[in-house]
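Here is the file final-v8.cif (mmCIF, C-alpha atoms and all ligand atoms).
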data_final
loop_
_atom_site.label_atom_id
_atom_site.label_comp_id
_atom_site.auth_asym_id
_atom_site.auth_seq_id
_atom_site.Cartn_x
_atom_site.Cartn_y
_atom_site.Cartn_z
CA MET A 1 8.11 -15.33 8.75
CA GLU A 2 7.66 -12.88 5.94
CA VAL A 3 4.73 -10.51 6.59
CA LEU A 4 3.40 -8.65 3.56
CA ILE A 5 0.78 -5.98 4.22
CA LEU A 6 -1.15 -4.69 1.22
CA PRO A 7 -3.85 -2.00 1.15
CA HIS A 8 -6.88 -4.20 0.44
CA HIS A 9 -8.20 -7.68 -0.28
CA ASP A 10 -7.85 -7.49 -4.09
CA ALA A 11 -4.20 -6.45 -3.82
CA THR A 12 -3.47 -9.51 -1.65
CA ALA A 13 -5.09 -11.73 -4.30
CA VAL A 14 -2.90 -10.31 -7.07
CA ARG A 15 0.25 -10.72 -4.98
CA ALA A 16 -0.76 -14.29 -4.03
CA ALA A 17 -1.34 -15.08 -7.71
CA ASP A 18 2.18 -13.76 -8.45
CA ILE A 19 3.60 -16.28 -5.97
CA VAL A 20 1.56 -19.15 -7.46
CA GLU A 21 2.53 -18.09 -10.99
CA VAL A 22 6.25 -18.04 -10.15
CA GLN A 23 5.89 -21.50 -8.59
CA LEU A 24 4.17 -22.85 -11.73
CA ARG A 25 6.66 -21.31 -14.11
CA GLN A 26 9.67 -22.52 -12.11
CA LYS A 27 8.25 -26.05 -11.71
CA PRO A 28 5.29 -26.74 -14.02
CA SER A 29 4.81 -30.19 -12.46
CA CYS A 30 4.53 -28.75 -8.95
CA THR A 31 2.08 -29.88 -6.29
CA LEU A 32 -0.13 -27.15 -4.88
CA GLY A 33 -1.87 -27.33 -1.52
CA LEU A 34 -5.20 -25.53 -1.78
CA ALA A 35 -7.67 -24.00 0.66
CA THR A 36 -11.37 -23.21 0.67
CA GLY A 37 -13.27 -20.41 2.44
CA SER A 38 -14.14 -16.98 1.14
CA THR A 39 -10.59 -15.59 1.39
CA PRO A 40 -8.89 -17.45 -1.51
CA ILE A 41 -11.76 -16.90 -3.99
CA ALA A 42 -10.22 -13.66 -5.31
CA LEU A 43 -6.89 -15.49 -5.76
CA TYR A 44 -8.63 -18.26 -7.72
CA ASN A 45 -10.38 -15.65 -9.90
CA GLU A 46 -7.04 -14.01 -10.63
CA LEU A 47 -5.46 -17.38 -11.51
CA ILE A 48 -8.36 -18.11 -13.88
CA ARG A 49 -7.88 -14.69 -15.47
CA ARG A 50 -4.15 -15.32 -15.97
CA HIS A 51 -4.88 -18.78 -17.39
CA ARG A 52 -7.28 -17.29 -19.95
CA SER A 53 -5.36 -14.14 -20.82
CA ASN A 54 -1.69 -14.93 -20.16
CA GLY A 55 -1.55 -18.66 -20.86
CA LEU A 56 -0.73 -19.59 -17.26
CA SER A 57 -0.95 -23.38 -17.37
CA PHE A 58 -1.71 -25.94 -14.67
CA SER A 59 -1.62 -28.88 -17.08
CA GLN A 60 1.30 -30.62 -15.37
CA ALA A 61 0.42 -29.60 -11.81
CA ALA A 62 -1.32 -31.59 -9.08
CA SER A 63 -3.25 -30.35 -6.07
CA PHE A 64 -4.23 -31.47 -2.59
CA ASN A 65 -6.93 -29.66 -0.65
CA LEU A 66 -6.68 -29.16 3.06
CA ASP A 67 -9.99 -30.52 4.20
CA GLU A 68 -13.53 -31.74 3.60
CA TYR A 69 -16.72 -32.06 5.63
CA ILE A 70 -17.57 -35.59 6.75
CA GLY A 71 -20.87 -36.78 5.34
CA LEU A 72 -21.24 -34.36 2.42
CA ASP A 73 -21.48 -35.76 -1.07
CA PRO A 74 -18.89 -34.21 -3.46
CA THR A 75 -21.76 -32.67 -5.43
CA HIS A 76 -23.30 -31.03 -2.33
CA PRO A 77 -23.14 -27.22 -2.78
CA GLN A 78 -21.24 -26.85 0.51
CA SER A 79 -18.78 -29.69 -0.03
CA TYR A 80 -15.22 -28.50 -0.51
CA ARG A 81 -14.82 -30.71 -3.63
CA ARG A 82 -17.74 -28.90 -5.23
CA PHE A 83 -16.33 -25.55 -4.08
CA MET A 84 -12.97 -26.28 -5.74
CA ASN A 85 -14.54 -27.51 -8.98
CA ASP A 86 -16.81 -24.46 -9.16
CA LYS A 87 -14.31 -21.83 -8.10
CA LEU A 88 -11.16 -23.06 -9.81
CA PHE A 89 -10.73 -26.51 -11.38
CA ASP A 90 -13.55 -26.19 -13.96
CA HIS A 91 -11.96 -23.00 -15.31
CA ILE A 92 -8.28 -23.98 -15.68
CA ASP A 93 -6.42 -26.79 -17.43
CA ILE A 94 -5.46 -28.90 -14.41
CA PRO A 95 -6.44 -32.54 -15.07
CA ILE A 96 -9.28 -33.27 -12.65
CA THR A 97 -7.64 -36.62 -11.83
CA ALA A 98 -4.63 -34.72 -10.49
CA THR A 99 -6.79 -32.79 -8.02
CA HIS A 100 -7.29 -34.32 -4.59
CA VAL A 101 -9.77 -33.47 -1.85
CA PRO A 102 -10.20 -35.74 1.20
CA ASN A 103 -13.16 -38.08 0.76
CA GLY A 104 -15.87 -37.01 3.17
CA LEU A 105 -17.88 -40.12 2.30
CA ALA A 106 -15.09 -42.69 2.84
CA GLU A 107 -16.55 -45.99 3.93
CA ASN A 108 -14.17 -45.95 6.88
CA PRO A 109 -13.36 -42.29 7.61
CA LEU A 110 -10.68 -43.36 10.09
CA GLU A 111 -8.67 -44.80 7.20
CA GLU A 112 -9.06 -41.79 4.92
CA GLY A 113 -6.41 -39.73 6.74
CA PRO A 114 -3.53 -42.22 6.36
CA ALA A 115 -4.61 -42.90 2.74
CA TYR A 116 -4.51 -39.16 1.97
CA GLU A 117 -1.08 -38.84 3.60
CA ALA A 118 0.19 -41.67 1.40
CA LYS A 119 -1.04 -39.90 -1.74
CA ILE A 120 0.73 -36.67 -0.73
CA ARG A 121 3.93 -38.64 -0.12
CA GLU A 122 3.62 -40.42 -3.51
CA ALA A 123 3.25 -37.03 -5.19
CA GLY A 124 6.57 -35.99 -3.63
CA GLY A 125 5.08 -33.61 -1.05
CA ILE A 126 3.52 -30.19 -1.41
CA ASP A 127 5.60 -27.45 -3.04
CA LEU A 128 3.36 -24.51 -2.19
CA GLN A 129 0.56 -24.64 0.37
CA ILE A 130 -2.11 -21.92 0.34
CA LEU A 131 -3.79 -21.36 3.71
CA GLY A 132 -6.61 -19.23 5.05
CA ILE A 133 -7.11 -18.82 8.78
CA GLY A 134 -10.11 -19.18 11.06
CA SER A 135 -10.98 -16.36 13.45
CA ASP A 136 -9.74 -18.66 16.25
CA GLY A 137 -6.40 -19.25 14.51
CA HIS A 138 -7.26 -22.62 12.94
CA ILE A 139 -5.63 -23.75 9.70
CA GLY A 140 -7.37 -26.35 7.57
CA PHE A 141 -9.77 -27.60 10.22
CA ASN A 142 -7.07 -27.93 12.88
CA GLU A 143 -8.96 -26.31 15.69
CA PRO A 144 -7.33 -24.81 18.80
CA THR A 145 -5.64 -27.52 20.92
CA SER A 146 -4.99 -29.68 17.83
CA SER A 147 -1.71 -31.50 18.21
CA LEU A 148 1.06 -29.51 16.56
CA GLY A 149 2.40 -32.87 15.36
CA SER A 150 -0.90 -34.06 13.88
CA ARG A 151 -1.47 -35.87 10.57
CA THR A 152 -4.53 -35.97 8.30
CA ARG A 153 -7.44 -37.15 10.43
CA ILE A 154 -10.98 -36.42 11.61
CA LYS A 155 -11.55 -33.29 13.69
CA THR A 156 -14.60 -32.18 15.60
CA LEU A 157 -15.36 -28.56 14.75
CA THR A 158 -15.69 -25.95 17.48
CA GLU A 159 -18.87 -23.96 18.09
CA GLN A 160 -17.07 -20.86 16.79
CA THR A 161 -16.10 -22.49 13.48
CA ILE A 162 -19.59 -23.93 13.02
CA THR A 163 -21.04 -20.46 13.64
CA ASP A 164 -18.47 -18.74 11.38
CA ASN A 165 -19.18 -21.16 8.53
CA SER A 166 -22.97 -21.29 9.01
CA ARG A 167 -23.30 -18.36 6.58
CA PHE A 168 -22.62 -20.76 3.71
CA PHE A 169 -25.48 -23.13 4.64
CA GLU A 170 -29.18 -22.54 4.01
CA ALA A 171 -31.31 -21.79 7.09
CA GLY A 172 -32.37 -25.11 8.61
CA GLU A 173 -29.89 -27.11 6.50
CA ALA A 174 -27.88 -29.73 8.43
CA GLN A 175 -24.29 -28.51 8.90
CA PRO A 176 -21.59 -31.12 9.51
CA HIS A 177 -19.79 -31.02 12.84
CA LEU A 178 -16.97 -33.29 11.73
CA ALA A 179 -14.34 -32.80 9.05
CA ILE A 180 -11.29 -34.55 7.74
CA THR A 181 -8.29 -32.25 7.63
CA MET A 182 -4.62 -32.34 6.77
CA GLY A 183 -2.71 -32.33 10.05
CA ILE A 184 -0.50 -29.54 11.28
CA LYS A 185 2.62 -31.63 10.71
CA THR A 186 1.42 -32.41 7.18
CA ILE A 187 1.01 -28.69 6.49
CA MET A 188 4.40 -27.92 8.04
CA GLU A 189 6.08 -30.35 5.63
CA SER A 190 5.11 -28.16 2.66
CA LYS A 191 8.16 -26.59 1.11
CA ARG A 192 6.58 -23.15 1.02
CA ILE A 193 3.48 -21.79 2.77
CA LEU A 194 1.36 -18.78 1.86
CA LEU A 195 -1.26 -17.75 4.42
CA LEU A 196 -3.91 -15.27 3.28
CA ALA A 197 -6.08 -13.22 5.60
CA THR A 198 -8.15 -10.11 5.07
CA GLY A 199 -10.60 -8.07 7.12
CA GLU A 200 -10.79 -6.97 10.73
CA GLY A 201 -12.33 -10.26 11.80
CA LYS A 202 -8.92 -11.91 11.29
CA ALA A 203 -6.82 -9.22 13.03
CA GLU A 204 -6.64 -10.97 16.39
CA ALA A 205 -5.82 -14.37 14.89
CA ILE A 206 -3.08 -12.77 12.76
CA ALA A 207 -1.55 -10.98 15.76
CA ALA A 208 -1.51 -14.26 17.70
CA THR A 209 -0.04 -16.10 14.69
CA VAL A 210 2.76 -13.66 13.97
CA GLU A 211 3.58 -12.10 17.33
CA GLY A 212 2.14 -14.49 19.91
CA ALA A 213 3.72 -17.53 21.52
CA ILE A 214 3.75 -20.80 19.59
CA THR A 215 0.81 -22.64 21.08
CA ALA A 216 -1.79 -25.23 20.10
CA MET A 217 -4.39 -22.66 21.25
CA CYS A 218 -3.56 -20.80 18.02
CA PRO A 219 -2.62 -23.56 15.55
CA ALA A 220 -1.37 -21.08 12.92
CA SER A 221 1.31 -19.87 15.36
CA ILE A 222 3.32 -23.02 14.54
CA LEU A 223 4.10 -21.35 11.20
CA GLN A 224 6.71 -19.28 13.08
CA TRP A 225 8.72 -22.49 13.02
CA HIS A 226 8.42 -23.00 9.24
CA GLU A 227 11.37 -22.16 7.03
CA LYS A 228 9.51 -20.35 4.26
CA THR A 229 6.14 -18.92 5.21
CA THR A 230 4.61 -15.73 3.86
CA ILE A 231 1.72 -14.09 5.73
CA LEU A 232 -0.10 -12.01 3.11
CA ILE A 233 -2.67 -9.71 4.67
CA ASP A 234 -4.55 -6.48 4.12
CA GLU A 235 -4.42 -3.42 6.37
CA ALA A 236 -7.49 -4.49 8.33
CA ALA A 237 -6.10 -7.93 9.16
CA ALA A 238 -2.78 -6.26 10.09
CA SER A 239 -4.44 -3.75 12.41
CA LYS A 240 -3.49 -5.55 15.65
CA LEU A 241 0.16 -6.20 14.77
CA GLN A 242 2.65 -4.31 16.94
CA LYS A 243 5.50 -4.32 14.43
CA ARG A 244 3.60 -3.26 11.31
CA ASP A 245 6.07 -0.54 10.33
CA TYR A 246 8.95 -2.95 10.60
CA TYR A 247 7.23 -5.51 8.30
CA GLN A 248 6.61 -2.77 5.71
CA TRP A 249 10.25 -1.74 5.88
CA VAL A 250 11.43 -5.36 5.50
CA SER A 251 9.19 -5.77 2.41
CA THR A 252 10.77 -2.78 0.72
CA GLN A 253 14.26 -4.14 1.37
CA GLN A 254 13.27 -7.64 0.29
CA ASP A 255 11.67 -6.44 -2.97
CA ALA A 256 14.85 -4.57 -3.88
CA LEU A 257 16.99 -7.65 -3.17
CA VAL A 258 14.77 -9.93 -5.28
CA ARG A 259 14.74 -7.50 -8.22
CA LYS A 260 18.53 -7.31 -8.12
CA TYR A 261 19.62 -10.84 -7.28
CA ARG A 262 16.73 -13.22 -8.05
CA PRO A 263 14.59 -11.73 -10.82
CA SER A 264 13.34 -15.26 -11.62
CA ASP A 265 11.18 -14.92 -8.49
CA LEU A 266 9.17 -12.19 -10.21
CA PRO A 267 6.08 -13.00 -12.29
CA GLU A 268 6.33 -12.68 -16.07
CA GLY A 269 6.34 -9.17 -17.44
CA LEU A 270 7.62 -7.46 -14.26
C1 LIG B 1 -12.79 -22.96 7.00
C2 LIG B 1 -11.68 -23.71 6.26
C3 LIG B 1 -10.34 -23.02 6.44
C4 LIG B 1 -10.47 -21.54 6.14
C5 LIG B 1 -11.46 -20.93 7.10
C6 LIG B 1 -11.62 -19.42 6.95
O1 LIG B 1 -12.83 -23.25 8.34
N1 LIG B 1 -11.57 -25.06 6.72
O2 LIG B 1 -9.39 -23.62 5.57
O3 LIG B 1 -9.22 -20.91 6.26
O4 LIG B 1 -12.71 -21.55 6.86
O5 LIG B 1 -12.54 -19.13 5.96
P1 LIG B 1 -12.82 -17.70 5.36
O6 LIG B 1 -11.73 -17.47 4.38
O7 LIG B 1 -14.16 -17.81 4.71
O8 LIG B 1 -12.78 -16.74 6.50
#

Show the structure stored in the file as structure tokens.
Ligand code: GLP
Amino acid sequence: MEVLILPHHDATAVRAADIVEVQLRQKPSCTLGLATGSTPIALYNELIRRHRSNGLSFSQAASFNLDEYIGLDPTHPQSYRRFMNDKLFDHIDIPITATHVPNGLAENPLEEGPAYEAKIREAGGIDLQILGIGSDGHIGFNEPTSSLGSRTRIKTLTEQTITDNSRFFEAGEAQPHLAITMGIKTIMESKRILLLATGEGKAEAIAATVEGAITAMCPASILQWHEKTTILIDEAAASKLQKRDYYQWVSTQQDALVRKYRPSDLPEGL
């Protein structure tokens, strides 16, 4: 795993946007895996800015989101489809028909998972998957004890996740307890993974992900097994890592190697 520690949230968003930009420039018809939650909003804002000011184009790209609440209409303010339209898709040039979010209103929700898997396969798989992380180590809505070999399916949310996400819902508003989420195996099949986490509230989950044992109790820990995962975090989220200094040292070495031997991995203008 590559662990990049930057001073603050905004710096992680700029660095994440660099990685997305390089992906889009190297393969304009790439497939992006996208995440919701408060963490990637700054990344999406930076991508919108680059689209408007630097001509970064998504016109040939496709996207697949990680998850959606069961029972919420796509226009519901808390649905993840609405979130993605509002926070990103409505402001860039990706064709809306090339954007995919699991259907939380599928007539038969048990069939939605396999159907979503088939669409990802037809698209040729995910080139770059963006992930956030829950305070309990979940990715997508793969809660602790989710099968590490799971596929897109329905998950029952834990009390902790429901509480963590209740801040987005109005007081008294019904909050779904079920979601449809890409499985852990589905996520692991992405060619490249970029996990973003900021703030002290994520420090424990990040320590378990990077330095703990691989266990279904911390679903993100499976990323230790992935060939090309970057954990992009701020100082606060890094605060419980034991080998922080080593990760900083590795980054310096790695940056020098990329500048010398693979400058095409740098965003335009650097
Ligand atoms: C939800 C989403 C996850 C996201 C997590 C953390 O549970 N399903 O994909 O990573 O929230 O959200 P936040 O970034 O707001 O902390």

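Here the question is which of A:Tyr69, A:Trp225, A:Phe141, A:Tyr246 gets nearest to ligand LIG 1 (chain B) using only C-alpha atoms and all ligand atoms, and that residue is A:Phe141.
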
Please return, as a VMD selection string, all polymer residues that have at least one atom within 9 Å of the point (-7.4, -33.8, -8.4); use all atoms listed in the file and the file's own coordinate frame. chain A and resid 62 to 65 89 94 to 101

Export C-alpha atoms of the chosen residues as a PDB file, in the frame of the given file?
ATOM      1  CA  ALA A  62      -1.320 -31.590  -9.080  1.00  0.00           C
ATOM      2  CA  SER A  63      -3.250 -30.350  -6.070  1.00  0.00           C
ATOM      3  CA  PHE A  64      -4.230 -31.470  -2.590  1.00  0.00           C
ATOM      4  CA  ASN A  65      -6.930 -29.660  -0.650  1.00  0.00           C
ATOM      5  CA  PHE A  89     -10.730 -26.510 -11.380  1.00  0.00           C
ATOM      6  CA  ILE A  94      -5.460 -28.900 -14.410  1.00  0.00           C
ATOM      7  CA  PRO A  95      -6.440 -32.540 -15.070  1.00  0.00           C
ATOM      8  CA  ILE A  96      -9.280 -33.270 -12.650  1.00  0.00           C
ATOM      9  CA  THR A  97      -7.640 -36.620 -11.830  1.00  0.00           C
ATOM     10  CA  ALA A  98      -4.630 -34.720 -10.490  1.00  0.00           C
ATOM     11  CA  THR A  99      -6.790 -32.790  -8.020  1.00  0.00           C
ATOM     12  CA  HIS A 100      -7.290 -34.320  -4.590  1.00  0.00           C
ATOM     13  CA  VAL A 101      -9.770 -33.470  -1.850  1.00  0.00           C
TER      14      VAL A 101
END

Do you know which residues lie at most 9 Å from (-13.0, -17.2, 17.4), with coordinates as in the file and only C-alpha atoms counted, and could you write them as a PyMOL selection string? chain A and resi 134-137+159-161+164+201+204-205

If we count all atoms listed in the file and set the cut-off at 10 Å, which residues sit around region 151-155 of chain A, ignoring sequence neighbours fewer than 3 positions away in its own chain? Please answer as an MDAnalysis selection string. chainID A and resid 66:70 102 104 109:117 141:143 146:148 158 177:187

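For the pair atom C4 of ligand LIG 1 (chain B) and CA of Gly212 (chain A), the interatomic distance is 20.0 Å.
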
Could you list the protein, DNA and RNA residues that have any atom within 7 Å of ligand LIG 1 (chain B), counting all atoms listed in the file, and write them as an mmCIF file with C-alpha atoms, in the frame of the given file?
data_model
loop_
_atom_site.group_PDB
_atom_site.id
_atom_site.type_symbol
_atom_site.label_atom_id
_atom_site.label_comp_id
_atom_site.auth_asym_id
_atom_site.auth_seq_id
_atom_site.Cartn_x
_atom_site.Cartn_y
_atom_site.Cartn_z
ATOM 1 C CA ALA A 35 -7.670 -24.000 0.660
ATOM 2 C CA THR A 36 -11.370 -23.210 0.670
ATOM 3 C CA GLY A 37 -13.270 -20.410 2.440
ATOM 4 C CA SER A 38 -14.140 -16.980 1.140
ATOM 5 C CA THR A 39 -10.590 -15.590 1.390
ATOM 6 C CA PRO A 40 -8.890 -17.450 -1.510
ATOM 7 C CA LEU A 66 -6.680 -29.160 3.060
ATOM 8 C CA ASP A 67 -9.990 -30.520 4.200
ATOM 9 C CA LEU A 131 -3.790 -21.360 3.710
ATOM 10 C CA GLY A 132 -6.610 -19.230 5.050
ATOM 11 C CA ILE A 133 -7.110 -18.820 8.780
ATOM 12 C CA GLY A 134 -10.110 -19.180 11.060
ATOM 13 C CA ILE A 139 -5.630 -23.750 9.700
ATOM 14 C CA GLY A 140 -7.370 -26.350 7.570
ATOM 15 C CA PHE A 141 -9.770 -27.600 10.220
ATOM 16 C CA THR A 161 -16.100 -22.490 13.480
ATOM 17 C CA ASN A 165 -19.180 -21.160 8.530
#

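Distances to Gly71 (chain A) were evaluated for A:Ala13, A:Leu128, A:Ala238, A:Ala174 using all atoms listed in the file, and the minimum falls at A:Ala174.
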
Name all residues at most 12 Å from Asp90 (chain A) (count all atoms listed in the file; drop same-chain ones fewer than 5 positions away) and give them as a PyMOL selection string. chain A and resi 44-45+48+51+58+81-85+95-96+99

Export C-alpha atoms of the chosen residues as an mmCIF file, keeping the file's coordinate frame?
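Result written to part.cif:
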data_model
loop_
_atom_site.group_PDB
_atom_site.id
_atom_site.type_symbol
_atom_site.label_atom_id
_atom_site.label_comp_id
_atom_site.auth_asym_id
_atom_site.auth_seq_id
_atom_site.Cartn_x
_atom_site.Cartn_y
_atom_site.Cartn_z
ATOM 1 C CA TYR A 44 -8.630 -18.260 -7.720
ATOM 2 C CA ASN A 45 -10.380 -15.650 -9.900
ATOM 3 C CA ILE A 48 -8.360 -18.110 -13.880
ATOM 4 C CA HIS A 51 -4.880 -18.780 -17.390
ATOM 5 C CA PHE A 58 -1.710 -25.940 -14.670
ATOM 6 C CA ARG A 81 -14.820 -30.710 -3.630
ATOM 7 C CA ARG A 82 -17.740 -28.900 -5.230
ATOM 8 C CA PHE A 83 -16.330 -25.550 -4.080
ATOM 9 C CA MET A 84 -12.970 -26.280 -5.740
ATOM 10 C CA ASN A 85 -14.540 -27.510 -8.980
ATOM 11 C CA PRO A 95 -6.440 -32.540 -15.070
ATOM 12 C CA ILE A 96 -9.280 -33.270 -12.650
ATOM 13 C CA THR A 99 -6.790 -32.790 -8.020
#

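Atom to atom, CA of His226 (chain A) and CA of Ser59 (chain A) stand 28.8 Å apart.
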
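The space between CA of Lys240 (chain A) and CA of Ala16 (chain A) spans 21.7 Å.
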
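For the choices A:Lys202, A:Lys27, A:Arg244, A:His9, the atom-to-atom distance to Gln60 (chain A) is smallest for A:Lys27 when using all atoms listed in the file.
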
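Distances here use only C-alpha atoms; by that measure, the residue among A:Ala256, A:Met188, A:Ala216, A:Thr12 closest to Ile41 (chain A) is A:Thr12.
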
Between A:Gly149, A:Asn54, A:Leu257, A:Gln175, which is the closest to Ser79 (chain A) once you count only C-alpha atoms? A:Gln175

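Take the candidates A:Pro74, A:Pro176, A:Gly55, A:Gly125 and check each one against Thr31 (chain A) using only C-alpha atoms; the shortest distance goes to A:Gly125.
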
Step by step, gather every atom of region 26-30 of chain A that the file lists, find the box along x, y and z that holds them, add 8 Å on each side, and finally give centre and edge lengths in Å to one decimal, as JSON.
{"center_x": 7.1, "center_y": -26.4, "center_z": -11.5, "size_x": 21.1, "size_y": 23.7, "size_z": 21.1}
